[in-house]
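Scroll down for the structure; my scribbles are underneath it.
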Amino acid sequence: MTALPPFLAAALRQKTAHTPVWIMRQAGRYLPEYREVRSKVDFASLTHRPDLAAEVTLQPIRRFGLDAAIIFSDIMTPIEGMGVGLEYAPGPVIHNPIRTLTQVEAMRPLVPEQDVPYVMESLRLVRRELPAHVPLIGFCGAPFTLFCYLVGGKPSKEFSVPRAFVHGEPIVTARLLDRLADAMIAYLRAQAEAGAQALMIFESWGGLLGPADFRAVALPPMQRIVAGLQDIRARGVPLIYFANQGMANLEAVKDLPVDVVGLDWRVPLGPARKLLGPDKAVQGNLDPAVLFAPKDTLCRRIDDVLRDAGPAPGHIFNLGHGIWPETDPDAVARLVDHVHESSVR
Ligand code: 1CP
């Protein structure tokens, strides 16, 4: 029997020799080699060019002993493939925000190998280059999070326009969420076929909804996605759901049959694990701000997270959200090494 790489083993709640670690936004602006590539091309071109997307995906893997790679792309990349005009400034801005049923129906059903072939090509290129013990993560945005950008039209703190839309236009809302769920099923499936060994769904804005609305609006399209990928999961490709600001909604997330729940830093890991139950692994959740602490403090705070996660298998170390562009890459090196050393079993 060949042993699974630690990241996959932990996702499937199996024992590992150490706690695996990777970092959300690990390919990005805190790395000088990323800024170097990015100084020559804009962000959209970076996601459309498999050679460059593969290069920046691999940059943090060369530098640090990370336990997983995540393909460089954006949650809005498949939305472009559905014929929705948008640009990055730097967050996604939709040329014509989606507000009517006619606009929803005008979105093309996503045929990934045809509409966004560069994503699958990037995955194939990266998989060829990665060491065997470093699995490759494919990803997408959760339907409600994509809905926030599509209806709101641009990044926002409160997303008041899409949140009002949920209540003012329930029929358009339900149809758009269903269409997004179907597109993401096709997209994640294509990524798995191209070499993604785990699939992560980012619910970055689900925390804007209270528990009742989360259950009524964000959860059903997620249930649809998870049901649509049962065969992929059965083949050992774990599904990870990142529930950003998810504390109030954990009870609802418990009902979602995913393998791993990603948690932000506001959530205490111990109680969250208890609440989610023994059939889910967790991922997280060091505050990205702690990477600015002196070495001793950083190590102590890492140990706190490891202790809070407890001795049971099924913890993947990560930050509680994306790494900040101002972070010192040496702090990341320290973090990865310390997680490995401190969690040896
Ligand atoms: O100028 C630049 O370099 C563009 C900045 C940037 C980057 C580096 C954007 C625009 N997207 C990305 C890459 C990206 N986006 C990855 C790469 C893989 C990695 O993690 O290393 C991933 C996984 C994403 C996913 C993503 N995009 C999310 C979910 C994760 C999260 O942070 O919550 C979200 C919400 C987006 C939207 C988006 N795209 C870009 C920006 C700046 C944003 C956020 C806008 C906002 O605050 O609403």
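Ligands are numbered from 1 in the order shown, residues from 1 within each chain, and chains are lettered A, B, ... in the order they appear in the structure tokens.
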Please produce, as JSON lines, a per-residue contact table for region 101-187 of chain A versus region 53-59 of chain A (criterion: any atom at most 8 Å away, only C-alpha atoms considered), showing the nearest atom pair and its distance in Å to one decimal, sorted by chain then residue number.
```
{"residue": "A:Ser122", "atom": "CA", "partner": "A:Ala54", "partner_atom": "CA", "distance": 5.5}
{"residue": "A:Leu123", "atom": "CA", "partner": "A:Ala54", "partner_atom": "CA", "distance": 7.4}
{"residue": "A:Leu125", "atom": "CA", "partner": "A:Ala54", "partner_atom": "CA", "distance": 6.3}
{"residue": "A:Val126", "atom": "CA", "partner": "A:Ala54", "partner_atom": "CA", "distance": 5.3}
{"residue": "A:Leu130", "atom": "CA", "partner": "A:Leu58", "partner_atom": "CA", "distance": 7.6}
```
Expected file: the selected residues, N, CA, C and O atoms, as an mmCIF file, in the first residue's frame:
```cif
data_model
loop_
_atom_site.group_PDB
_atom_site.id
_atom_site.type_symbol
_atom_site.label_atom_id
_atom_site.label_comp_id
_atom_site.auth_asym_id
_atom_site.auth_seq_id
_atom_site.Cartn_x
_atom_site.Cartn_y
_atom_site.Cartn_z
ATOM 1 N N SER A 122 -3.310 24.466 -17.312
ATOM 2 C CA SER A 122 -2.445 24.859 -16.180
ATOM 3 C C SER A 122 -2.337 23.719 -15.174
ATOM 4 O O SER A 122 -1.252 23.419 -14.677
ATOM 5 N N LEU A 123 -3.478 23.089 -14.858
ATOM 6 C CA LEU A 123 -3.476 21.972 -13.912
ATOM 7 C C LEU A 123 -2.582 20.845 -14.422
ATOM 8 O O LEU A 123 -1.780 20.282 -13.666
ATOM 9 N N LEU A 125 -0.073 21.026 -16.516
ATOM 10 C CA LEU A 125 1.341 21.447 -16.465
ATOM 11 C C LEU A 125 1.888 21.362 -15.042
ATOM 12 O O LEU A 125 2.990 20.860 -14.814
ATOM 13 N N VAL A 126 1.116 21.857 -14.069
ATOM 14 C CA VAL A 126 1.588 21.866 -12.683
ATOM 15 C C VAL A 126 1.753 20.448 -12.159
ATOM 16 O O VAL A 126 2.746 20.114 -11.531
ATOM 17 N N LEU A 130 5.029 18.883 -10.147
ATOM 18 C CA LEU A 130 4.978 18.791 -8.685
ATOM 19 C C LEU A 130 5.596 17.499 -8.179
ATOM 20 O O LEU A 130 5.417 16.449 -8.774
#
```
Report as a ChimeraX atom specification which protein, DNA and RNA residues come within 8 Å of ligand 1, using only C-alpha atoms and all ligand atoms.
/A:23-29,35,38,42-43,57,70-76,88-92,139-141,145,149,154-157,202-205,244,321-322
Quick one: of A:Ala293, A:Pro6, A:Leu12, A:Phe317, who's nearest to Arg233 (chain A), counting only C-alpha atoms?
A:Leu12
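Closest to Asp115 (chain A) among A:Pro329, A:Gly152, A:Gly207, A:Gly81 is A:Gly81, based on only C-alpha atoms.
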Got a sec: who's within 10 Å of Ile225 (chain A), counting only C-alpha atoms, leaving out chain neighbours fewer than 6 positions off, as number ranges by chain?
A: 142-143, 178, 180-186, 188, 201, 219
Near-Leu229 (chain A) list (12 Å; only C-alpha atoms; drop same-chain fewer than 6 positions) as a list in words
Ala181, Asp182, Met184, Ile185, Ala186, Tyr187, Leu188, Arg189, Ala190, Gln191, Ala192, Ala198, Leu199, Met222, Gln223, Arg235, Gly236, Val237, Pro238, Leu239, Pro257 and Val258 of chain A
Just N, CA, C and O atoms for this one: save the residues we selected as a PDB file, in the first residue's frame.
```pdb
ATOM      1  N   ALA A 181     -24.474  26.724  -9.613  1.00  0.00           N
ATOM      2  CA  ALA A 181     -24.167  25.402  -9.055  1.00  0.00           C
ATOM      3  C   ALA A 181     -23.864  24.419 -10.190  1.00  0.00           C
ATOM      4  O   ALA A 181     -22.867  23.682 -10.136  1.00  0.00           O
ATOM      5  N   ASP A 182     -24.700  24.413 -11.214  1.00  0.00           N
ATOM      6  CA  ASP A 182     -24.468  23.486 -12.334  1.00  0.00           C
ATOM      7  C   ASP A 182     -23.131  23.769 -13.023  1.00  0.00           C
ATOM      8  O   ASP A 182     -22.390  22.846 -13.369  1.00  0.00           O
ATOM      9  N   MET A 184     -20.486  25.109 -11.671  1.00  0.00           N
ATOM     10  CA  MET A 184     -19.361  24.750 -10.789  1.00  0.00           C
ATOM     11  C   MET A 184     -19.190  23.225 -10.710  1.00  0.00           C
ATOM     12  O   MET A 184     -18.074  22.737 -10.545  1.00  0.00           O
ATOM     13  N   ILE A 185     -20.288  22.478 -10.843  1.00  0.00           N
ATOM     14  CA  ILE A 185     -20.153  21.012 -10.895  1.00  0.00           C
ATOM     15  C   ILE A 185     -19.303  20.627 -12.111  1.00  0.00           C
ATOM     16  O   ILE A 185     -18.339  19.869 -12.001  1.00  0.00           O
ATOM     17  N   ALA A 186     -19.642  21.189 -13.262  1.00  0.00           N
ATOM     18  CA  ALA A 186     -18.890  20.875 -14.490  1.00  0.00           C
ATOM     19  C   ALA A 186     -17.437  21.322 -14.355  1.00  0.00           C
ATOM     20  O   ALA A 186     -16.500  20.616 -14.768  1.00  0.00           O
ATOM     21  N   TYR A 187     -17.241  22.481 -13.738  1.00  0.00           N
ATOM     22  CA  TYR A 187     -15.905  23.070 -13.620  1.00  0.00           C
ATOM     23  C   TYR A 187     -15.009  22.239 -12.695  1.00  0.00           C
ATOM     24  O   TYR A 187     -13.860  21.920 -13.031  1.00  0.00           O
ATOM     25  N   LEU A 188     -15.542  21.876 -11.534  1.00  0.00           N
ATOM     26  CA  LEU A 188     -14.746  21.092 -10.586  1.00  0.00           C
ATOM     27  C   LEU A 188     -14.453  19.698 -11.144  1.00  0.00           C
ATOM     28  O   LEU A 188     -13.363  19.149 -10.968  1.00  0.00           O
ATOM     29  N   ARG A 189     -15.450  19.127 -11.815  1.00  0.00           N
ATOM     30  CA  ARG A 189     -15.279  17.811 -12.429  1.00  0.00           C
ATOM     31  C   ARG A 189     -14.141  17.851 -13.460  1.00  0.00           C
ATOM     32  O   ARG A 189     -13.264  16.985 -13.467  1.00  0.00           O
ATOM     33  N   ALA A 190     -14.133  18.888 -14.285  1.00  0.00           N
ATOM     34  CA  ALA A 190     -13.078  19.025 -15.305  1.00  0.00           C
ATOM     35  C   ALA A 190     -11.711  19.212 -14.644  1.00  0.00           C
ATOM     36  O   ALA A 190     -10.703  18.694 -15.132  1.00  0.00           O
ATOM     37  N   GLN A 191     -11.683  19.935 -13.533  1.00  0.00           N
ATOM     38  CA  GLN A 191     -10.402  20.136 -12.840  1.00  0.00           C
ATOM     39  C   GLN A 191      -9.881  18.813 -12.278  1.00  0.00           C
ATOM     40  O   GLN A 191      -8.686  18.535 -12.340  1.00  0.00           O
ATOM     41  N   ALA A 192     -10.782  18.003 -11.731  1.00  0.00           N
ATOM     42  CA  ALA A 192     -10.357  16.695 -11.207  1.00  0.00           C
ATOM     43  C   ALA A 192      -9.821  15.838 -12.354  1.00  0.00           C
ATOM     44  O   ALA A 192      -8.793  15.163 -12.216  1.00  0.00           O
ATOM     45  N   ALA A 198      -7.681  17.433  -4.967  1.00  0.00           N
ATOM     46  CA  ALA A 198      -8.642  17.868  -3.951  1.00  0.00           C
ATOM     47  C   ALA A 198      -9.341  19.078  -4.564  1.00  0.00           C
ATOM     48  O   ALA A 198      -8.776  19.747  -5.432  1.00  0.00           O
ATOM     49  N   LEU A 199     -10.566  19.337  -4.125  1.00  0.00           N
ATOM     50  CA  LEU A 199     -11.335  20.442  -4.696  1.00  0.00           C
ATOM     51  C   LEU A 199     -11.840  21.329  -3.568  1.00  0.00           C
ATOM     52  O   LEU A 199     -12.448  20.837  -2.615  1.00  0.00           O
ATOM     53  N   MET A 222     -25.065  24.648  -2.631  1.00  0.00           N
ATOM     54  CA  MET A 222     -23.889  23.879  -2.192  1.00  0.00           C
ATOM     55  C   MET A 222     -24.225  22.394  -2.077  1.00  0.00           C
ATOM     56  O   MET A 222     -23.430  21.538  -2.452  1.00  0.00           O
ATOM     57  N   GLN A 223     -25.428  22.102  -1.545  1.00  0.00           N
ATOM     58  CA  GLN A 223     -25.880  20.697  -1.472  1.00  0.00           C
ATOM     59  C   GLN A 223     -25.905  20.102  -2.872  1.00  0.00           C
ATOM     60  O   GLN A 223     -25.527  18.945  -3.091  1.00  0.00           O
ATOM     61  N   ARG A 235     -13.920   8.589  -5.539  1.00  0.00           N
ATOM     62  CA  ARG A 235     -12.604   8.222  -6.076  1.00  0.00           C
ATOM     63  C   ARG A 235     -11.464   8.776  -5.220  1.00  0.00           C
ATOM     64  O   ARG A 235     -10.298   8.772  -5.620  1.00  0.00           O
ATOM     65  N   GLY A 236     -11.784   9.318  -4.046  1.00  0.00           N
ATOM     66  CA  GLY A 236     -10.744   9.765  -3.118  1.00  0.00           C
ATOM     67  C   GLY A 236     -10.307  11.199  -3.307  1.00  0.00           C
ATOM     68  O   GLY A 236      -9.247  11.596  -2.825  1.00  0.00           O
ATOM     69  N   VAL A 237     -11.102  11.997  -4.026  1.00  0.00           N
ATOM     70  CA  VAL A 237     -10.804  13.430  -4.178  1.00  0.00           C
ATOM     71  C   VAL A 237     -11.624  14.191  -3.134  1.00  0.00           C
ATOM     72  O   VAL A 237     -12.830  14.329  -3.267  1.00  0.00           O
ATOM     73  N   PRO A 238     -10.975  14.659  -2.041  1.00  0.00           N
ATOM     74  CA  PRO A 238     -11.757  15.310  -0.989  1.00  0.00           C
ATOM     75  C   PRO A 238     -12.305  16.672  -1.408  1.00  0.00           C
ATOM     76  O   PRO A 238     -11.691  17.373  -2.224  1.00  0.00           O
ATOM     77  N   LEU A 239     -13.453  17.018  -0.839  1.00  0.00           N
ATOM     78  CA  LEU A 239     -14.057  18.337  -1.051  1.00  0.00           C
ATOM     79  C   LEU A 239     -13.846  19.179   0.206  1.00  0.00           C
ATOM     80  O   LEU A 239     -14.112  18.730   1.319  1.00  0.00           O
ATOM     81  N   PRO A 257     -22.342  17.489   3.275  1.00  0.00           N
ATOM     82  CA  PRO A 257     -21.434  16.333   3.309  1.00  0.00           C
ATOM     83  C   PRO A 257     -20.128  16.561   2.547  1.00  0.00           C
ATOM     84  O   PRO A 257     -19.866  15.953   1.516  1.00  0.00           O
ATOM     85  N   VAL A 258     -19.291  17.449   3.095  1.00  0.00           N
ATOM     86  CA  VAL A 258     -17.950  17.654   2.540  1.00  0.00           C
ATOM     87  C   VAL A 258     -16.944  16.973   3.466  1.00  0.00           C
ATOM     88  O   VAL A 258     -17.277  16.605   4.590  1.00  0.00           O
TER      89      VAL A 258
END
```
